[in-house]
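File shown: protein_31.tsv. Contents: TSV, C-alpha atoms.
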```tsv
chain	number	residue	atom	x	y	z
A	472	ASP	CA	120.07	36.31	107.37
A	473	ALA	CA	116.76	38.12	107.44
A	474	LYS	CA	117.08	41.64	108.83
A	475	THR	CA	114.83	42.93	111.58
A	476	THR	CA	113.56	46.43	112.23
A	477	GLN	CA	112.47	47.58	115.68
A	478	PRO	CA	111.56	51.00	117.08
A	479	PRO	CA	114.50	52.35	119.10
A	480	SER	CA	112.44	53.11	122.21
A	481	MET	CA	108.99	52.71	123.78
A	482	ASP	CA	107.26	53.58	127.03
A	483	CYS	CA	104.61	51.57	128.82
A	484	ALA	CA	102.61	52.26	131.97
A	485	GLU	CA	103.12	49.82	134.82
A	486	GLY	CA	100.41	47.16	134.87
A	487	ARG	CA	99.52	47.66	131.23
A	488	ALA	CA	100.39	45.35	128.36
A	489	ALA	CA	103.59	46.18	126.53
A	490	ASN	CA	103.43	45.43	122.81
A	491	LEU	CA	106.81	45.44	121.10
A	492	PRO	CA	106.74	45.25	117.29
A	493	CYS	CA	109.32	43.78	114.94
A	494	ASN	CA	109.44	43.76	111.15
A	495	HIS	CA	111.24	40.95	109.34
A	496	SER	CA	109.92	41.19	105.80
A	497	THR	CA	112.72	39.09	104.24
A	498	ILE	CA	112.30	36.13	106.57
A	499	SER	CA	112.55	32.75	104.89
A	500	GLY	CA	110.37	29.73	105.51
A	501	ASN	CA	112.68	27.88	107.88
A	502	GLU	CA	113.76	30.84	110.00
A	503	TYR	CA	112.51	31.24	113.54
A	504	VAL	CA	111.79	34.52	115.32
A	505	TYR	CA	113.51	34.84	118.70
A	506	TRP	CA	113.17	37.46	121.40
A	507	TYR	CA	115.73	38.32	124.07
A	508	ARG	CA	116.00	41.11	126.58
A	509	GLN	CA	118.93	42.75	128.34
A	510	ILE	CA	118.45	44.43	131.68
A	511	HIS	CA	120.95	47.16	132.56
A	512	SER	CA	124.10	45.67	131.01
A	513	GLN	CA	123.47	42.18	132.35
A	514	GLY	CA	123.78	39.27	129.96
A	515	PRO	CA	120.84	38.97	127.55
A	516	GLN	CA	118.01	36.71	128.64
A	517	TYR	CA	116.06	34.42	126.32
A	518	ILE	CA	112.31	35.15	126.33
A	519	ILE	CA	110.52	33.19	123.63
A	520	HIS	CA	110.72	31.99	120.05
A	521	GLY	CA	108.36	30.81	117.32
A	522	LEU	CA	108.12	29.76	113.69
A	523	LYS	CA	104.59	30.50	112.47
A	524	ASN	CA	102.16	29.82	115.30
A	525	ASN	CA	101.59	32.13	118.22
A	526	GLU	CA	103.50	31.13	121.31
A	527	THR	CA	103.04	31.81	125.01
A	528	ASN	CA	105.14	31.08	128.06
A	529	GLU	CA	105.38	32.36	131.61
A	530	MET	CA	107.18	35.50	130.50
A	531	ALA	CA	105.43	36.66	127.34
A	532	SER	CA	103.38	35.94	124.24
A	533	LEU	CA	104.64	36.03	120.68
A	534	ILE	CA	102.25	36.89	117.88
A	535	ILE	CA	103.50	36.22	114.34
A	536	THR	CA	101.50	37.49	111.38
A	537	GLU	CA	100.19	34.99	108.87
A	538	ASP	CA	102.68	36.13	106.20
A	539	ARG	CA	105.46	35.97	108.88
A	540	LYS	CA	106.76	39.39	107.86
A	541	SER	CA	106.25	40.88	111.30
A	542	SER	CA	105.73	39.86	114.90
A	543	THR	CA	104.80	41.36	118.26
A	544	LEU	CA	106.12	40.48	121.68
A	545	ILE	CA	103.51	41.03	124.38
A	546	LEU	CA	104.30	41.45	128.06
A	547	PRO	CA	100.78	41.16	129.48
A	548	HIS	CA	101.23	43.13	132.71
A	549	ALA	CA	104.42	45.16	132.55
A	550	THR	CA	106.33	45.80	135.78
A	551	LEU	CA	109.23	48.12	136.51
A	552	ARG	CA	111.55	45.12	136.32
A	553	ASP	CA	110.60	44.71	132.65
A	554	THR	CA	112.49	47.91	131.81
A	555	ALA	CA	115.15	46.61	129.42
A	556	VAL	CA	116.36	46.51	125.83
A	557	TYR	CA	114.39	43.93	123.83
A	558	TYR	CA	115.98	42.25	120.82
A	559	CYS	CA	114.05	40.64	117.98
A	560	ILE	CA	116.23	38.20	116.04
A	561	VAL	CA	115.61	36.02	113.05
A	562	ARG	CA	117.95	33.09	113.13
A	563	GLY	CA	119.53	32.10	109.86
A	564	GLN	CA	121.61	29.25	108.55
A	565	GLN	CA	125.32	29.81	108.13
A	566	ASN	CA	127.81	27.51	106.43
A	567	THR	CA	128.76	25.56	109.51
A	568	GLY	CA	126.24	26.48	112.16
A	569	ASN	CA	123.52	28.78	113.36
A	570	GLN	CA	124.16	31.90	115.34
A	571	PHE	CA	122.17	34.82	116.65
A	572	TYR	CA	122.94	38.24	115.25
A	573	PHE	CA	121.72	41.01	117.55
A	574	GLY	CA	120.76	44.47	116.39
A	575	THR	CA	120.23	47.48	118.63
A	576	GLY	CA	116.77	46.45	119.85
A	577	THR	CA	113.96	48.45	121.48
A	578	SER	CA	114.61	50.17	124.79
A	579	LEU	CA	111.42	49.67	126.82
A	580	THR	CA	110.83	51.93	129.81
A	581	VAL	CA	108.03	50.94	132.17
A	582	ILE	CA	106.68	54.04	133.87
A	583	PRO	CA	105.21	53.92	137.41
B	1465	ASN	CA	123.36	25.24	138.93
B	1466	ALA	CA	125.71	28.08	137.95
B	1467	GLY	CA	124.80	28.27	134.24
B	1468	VAL	CA	127.46	30.22	132.33
B	1469	THR	CA	130.36	31.54	134.38
B	1470	GLN	CA	132.76	34.18	133.06
B	1471	THR	CA	136.04	35.25	134.62
B	1472	PRO	CA	137.26	37.83	135.33
B	1473	LYS	CA	134.34	40.24	135.76
B	1474	PHE	CA	136.53	43.32	135.32
B	1475	GLN	CA	139.96	43.85	133.77
B	1476	VAL	CA	142.17	46.77	132.82
B	1477	LEU	CA	144.97	46.13	130.33
B	1478	LYS	CA	147.68	48.27	128.83
B	1479	THR	CA	147.94	48.46	125.06
B	1480	GLY	CA	149.92	45.49	123.78
B	1481	GLN	CA	149.28	43.23	126.77
B	1482	SER	CA	147.67	39.85	126.30
B	1483	MET	CA	145.00	38.10	128.29
B	1484	THR	CA	142.51	35.25	128.16
B	1485	LEU	CA	138.86	35.54	129.06
B	1486	GLN	CA	137.49	32.34	130.52
B	1487	CYS	CA	134.00	30.91	130.06
B	1488	ALA	CA	132.56	27.70	131.48
B	1489	GLN	CA	129.06	26.21	131.37
B	1490	ASP	CA	127.63	23.37	133.42
B	1491	MET	CA	124.50	22.66	131.37
B	1492	ASN	CA	126.05	20.10	129.01
B	1493	HIS	CA	125.45	22.46	126.10
B	1494	ASN	CA	127.03	21.67	122.76
B	1495	SER	CA	127.45	25.18	121.35
B	1496	MET	CA	129.26	28.17	122.83
B	1497	TYR	CA	129.68	31.76	121.67
B	1498	TRP	CA	131.62	34.95	122.36
B	1499	TYR	CA	130.03	38.38	121.81
B	1500	ARG	CA	131.18	41.92	122.45
B	1501	GLN	CA	128.97	44.87	123.24
B	1502	ASP	CA	130.04	48.48	122.85
B	1503	PRO	CA	128.19	51.44	124.39
B	1504	GLY	CA	124.84	52.07	122.74
B	1505	MET	CA	125.22	49.13	120.41
B	1506	GLY	CA	123.86	45.64	120.17
B	1507	LEU	CA	125.92	42.51	120.59
B	1508	ARG	CA	128.32	41.45	117.86
B	1509	LEU	CA	129.45	37.88	117.45
B	1510	ILE	CA	133.22	37.37	117.66
B	1511	TYR	CA	133.64	33.58	117.47
B	1512	TYR	CA	131.53	30.54	118.07
B	1513	SER	CA	131.93	26.83	118.60
B	1514	ALA	CA	129.09	24.71	117.29
B	1515	SER	CA	130.42	21.63	119.04
B	1516	GLU	CA	133.46	20.43	120.94
B	1517	GLY	CA	136.52	20.54	118.70
B	1518	THR	CA	135.19	23.12	116.25
B	1519	THR	CA	135.43	26.91	116.15
B	1520	ASP	CA	134.38	29.46	113.55
B	1521	LYS	CA	134.61	33.20	113.00
B	1522	GLY	CA	131.69	35.51	113.59
B	1523	GLU	CA	131.19	39.13	112.55
B	1524	VAL	CA	134.21	40.71	114.25
B	1525	PRO	CA	136.99	38.09	114.77
B	1526	ASN	CA	140.04	40.26	114.05
B	1527	GLY	CA	142.38	40.59	117.02
B	1528	TYR	CA	140.96	37.56	118.84
B	1529	ASN	CA	141.58	33.84	119.08
B	1530	VAL	CA	139.50	31.16	120.76
B	1531	SER	CA	139.94	27.70	122.17
B	1532	ARG	CA	137.23	25.15	122.87
B	1533	LEU	CA	139.15	23.36	125.58
B	1534	ASN	CA	136.45	20.76	126.21
B	1535	LYS	CA	132.68	20.65	126.14
B	1536	ARG	CA	132.42	22.91	129.19
B	1537	GLU	CA	135.00	25.59	128.45
B	1538	PHE	CA	135.45	28.16	125.68
B	1539	SER	CA	138.14	30.79	126.10
B	1540	LEU	CA	138.77	34.05	124.23
B	1541	ARG	CA	142.33	35.38	123.89
B	1542	LEU	CA	143.55	38.85	123.07
B	1543	GLU	CA	147.16	38.50	121.94
B	1544	SER	CA	147.97	42.22	121.78
B	1545	ALA	CA	145.22	44.34	123.29
B	1546	ALA	CA	144.22	47.59	121.60
B	1547	PRO	CA	142.02	50.44	122.90
B	1548	SER	CA	139.43	49.49	120.25
B	1549	GLN	CA	138.92	46.25	122.15
B	1550	THR	CA	137.58	48.09	125.17
B	1551	SER	CA	134.16	46.54	125.52
B	1552	VAL	CA	131.91	44.25	127.51
B	1553	TYR	CA	132.38	40.63	126.51
B	1554	PHE	CA	129.62	38.07	126.87
B	1555	CYS	CA	129.89	34.33	126.61
B	1556	ALA	CA	126.83	32.23	125.81
B	1557	SER	CA	125.94	28.59	125.35
B	1558	SER	CA	123.06	26.62	123.87
B	1559	LEU	CA	121.94	23.01	123.80
B	1560	SER	CA	121.55	23.00	120.05
B	1561	ASP	CA	120.80	25.33	117.18
B	1562	ARG	CA	117.06	25.48	117.80
B	1563	TYR	CA	117.27	26.50	121.44
B	1564	GLY	CA	117.82	29.90	122.94
B	1565	TYR	CA	121.12	30.96	124.42
B	1566	THR	CA	122.08	31.25	128.07
B	1567	PHE	CA	124.42	34.17	128.64
B	1568	GLY	CA	127.03	34.83	131.28
B	1569	SER	CA	127.14	38.07	133.26
B	1570	GLY	CA	129.93	39.57	131.18
B	1571	THR	CA	133.55	40.71	131.45
B	1572	ARG	CA	134.13	44.45	131.39
B	1573	LEU	CA	137.48	45.06	129.70
B	1574	THR	CA	139.25	48.41	129.43
B	1575	VAL	CA	142.39	48.80	127.35
B	1576	VAL	CA	144.39	51.95	128.07
```
How does the structure come out when it is put into structure tokens?
Amino acid sequence: DAKTTQPPSMDCAEGRAANLPCNHSTISGNEYVYWYRQIHSQGPQYIIHGLKNNETNEMASLIITEDRKSSTLILPHATLRDTAVYYCIVRGQQNTGNQFYFGTGTSLTVIP
Amino acid sequence: NAGVTQTPKFQVLKTGQSMTLQCAQDMNHNSMYWYRQDPGMGLRLIYYSASEGTTDKGEVPNGYNVSRLNKREFSLRLESAAPSQTSVYFCASSLSDRYGYTFGSGTRLTVV
């Protein structure tokens, strides 16, 4: 599986855009980039995923570079409830199935 | 629509005791997963079931067994609990490999 690298922590002012980076330089052509978040020890929550094109949904936008070696999750107007740990995951193919392998993520703190 | 339901939410065991963590989903998902999360760490995959009738090991399967009882239910058993198994356990399910996971709210297990 491709490894991902994320900064351990970030701050963002409430109401501003939060831009969370992720490096995945060894990603292969058929691997998707997924983002999850985990709020205060709750179960992780799926946010968004993409292959090569930029994606947007009601929660966030995902920008993937043209070479696919890095991506950025954008929360357009961060609120206090967006304070969480954000995981960037590249999903790989195993022998009998596909699973998500989580790292330690980025701890985002939204500041009032 | 309950999503993914885990029972119990909290449990304290003595070393050597056994117990089964229960997980059920009502979304007609094919795949189910068990993760553990230790303080300050990301989630680590214990076992998964890509479809009804199949189970496979993840990153940290030692000391655990699983049963995919039917499409809805996927249980995790600790035969002889050890203090190293003190953790928060999350169950997840997904429709298929390309979709994101839905997580349960977790079981907080302490082994003394």
Counting all atoms listed in the file, find the residues whose atoms lie at most 7 Å from (136.5, 33.7, 119.6) (file coordinates) and write them out as a PyMOL selection string.
chain B and resi 1498+1510-1512+1521+1525+1528-1530+1540
Expressed in Å to a single decimal, how great is the separation between CA of Ala1488 in chain B and CA of Thr1469 in chain B?
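According to the coordinates, CA of Ala1488 in chain B and CA of Thr1469 in chain B are separated by 5.3 Å.
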Contacts between chain B and chain A, please, where a residue of chain A counts if it comes within 6 Å (with only C-alpha atoms); show its shortest atom pair and distance in Å to one decimal, rows by chain and ascending number, as JSON lines.
```
{"residue": "A:Gln513", "atom": "CA", "partner": "B:Ser1569", "partner_atom": "CA", "distance": 5.6}
{"residue": "A:Gly514", "atom": "CA", "partner": "B:Ser1569", "partner_atom": "CA", "distance": 4.9}
{"residue": "A:Tyr517", "atom": "CA", "partner": "B:Gly1564", "partner_atom": "CA", "distance": 5.9}
{"residue": "A:Asn569", "atom": "CA", "partner": "B:Asp1561", "partner_atom": "CA", "distance": 5.8}
{"residue": "A:Phe573", "atom": "CA", "partner": "B:Leu1507", "partner_atom": "CA", "distance": 5.4}
{"residue": "A:Gly574", "atom": "CA", "partner": "B:Gly1506", "partner_atom": "CA", "distance": 5.0}
{"residue": "A:Thr575", "atom": "CA", "partner": "B:Gly1506", "partner_atom": "CA", "distance": 4.4}
```
Could you please determine the separation between CA of Ser499 in chain A and CA of His1493 in chain B in Å, to one decimal place?
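A separation of 26.9 Å between them.
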Hey, what's within 10 Å of Glu1543 in chain B if we count all atoms listed in the file and toss same-chain stuff fewer than 6 positions away? As a list in words, please?
Gly1480, Gln1481, Ser1482, Met1483, Thr1484, Gly1527, Tyr1528 and Asn1529 of chain B
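Computed from the coordinates, the CA of Val556 in chain A to CA of Gln1486 in chain B distance equals 25.9 Å.
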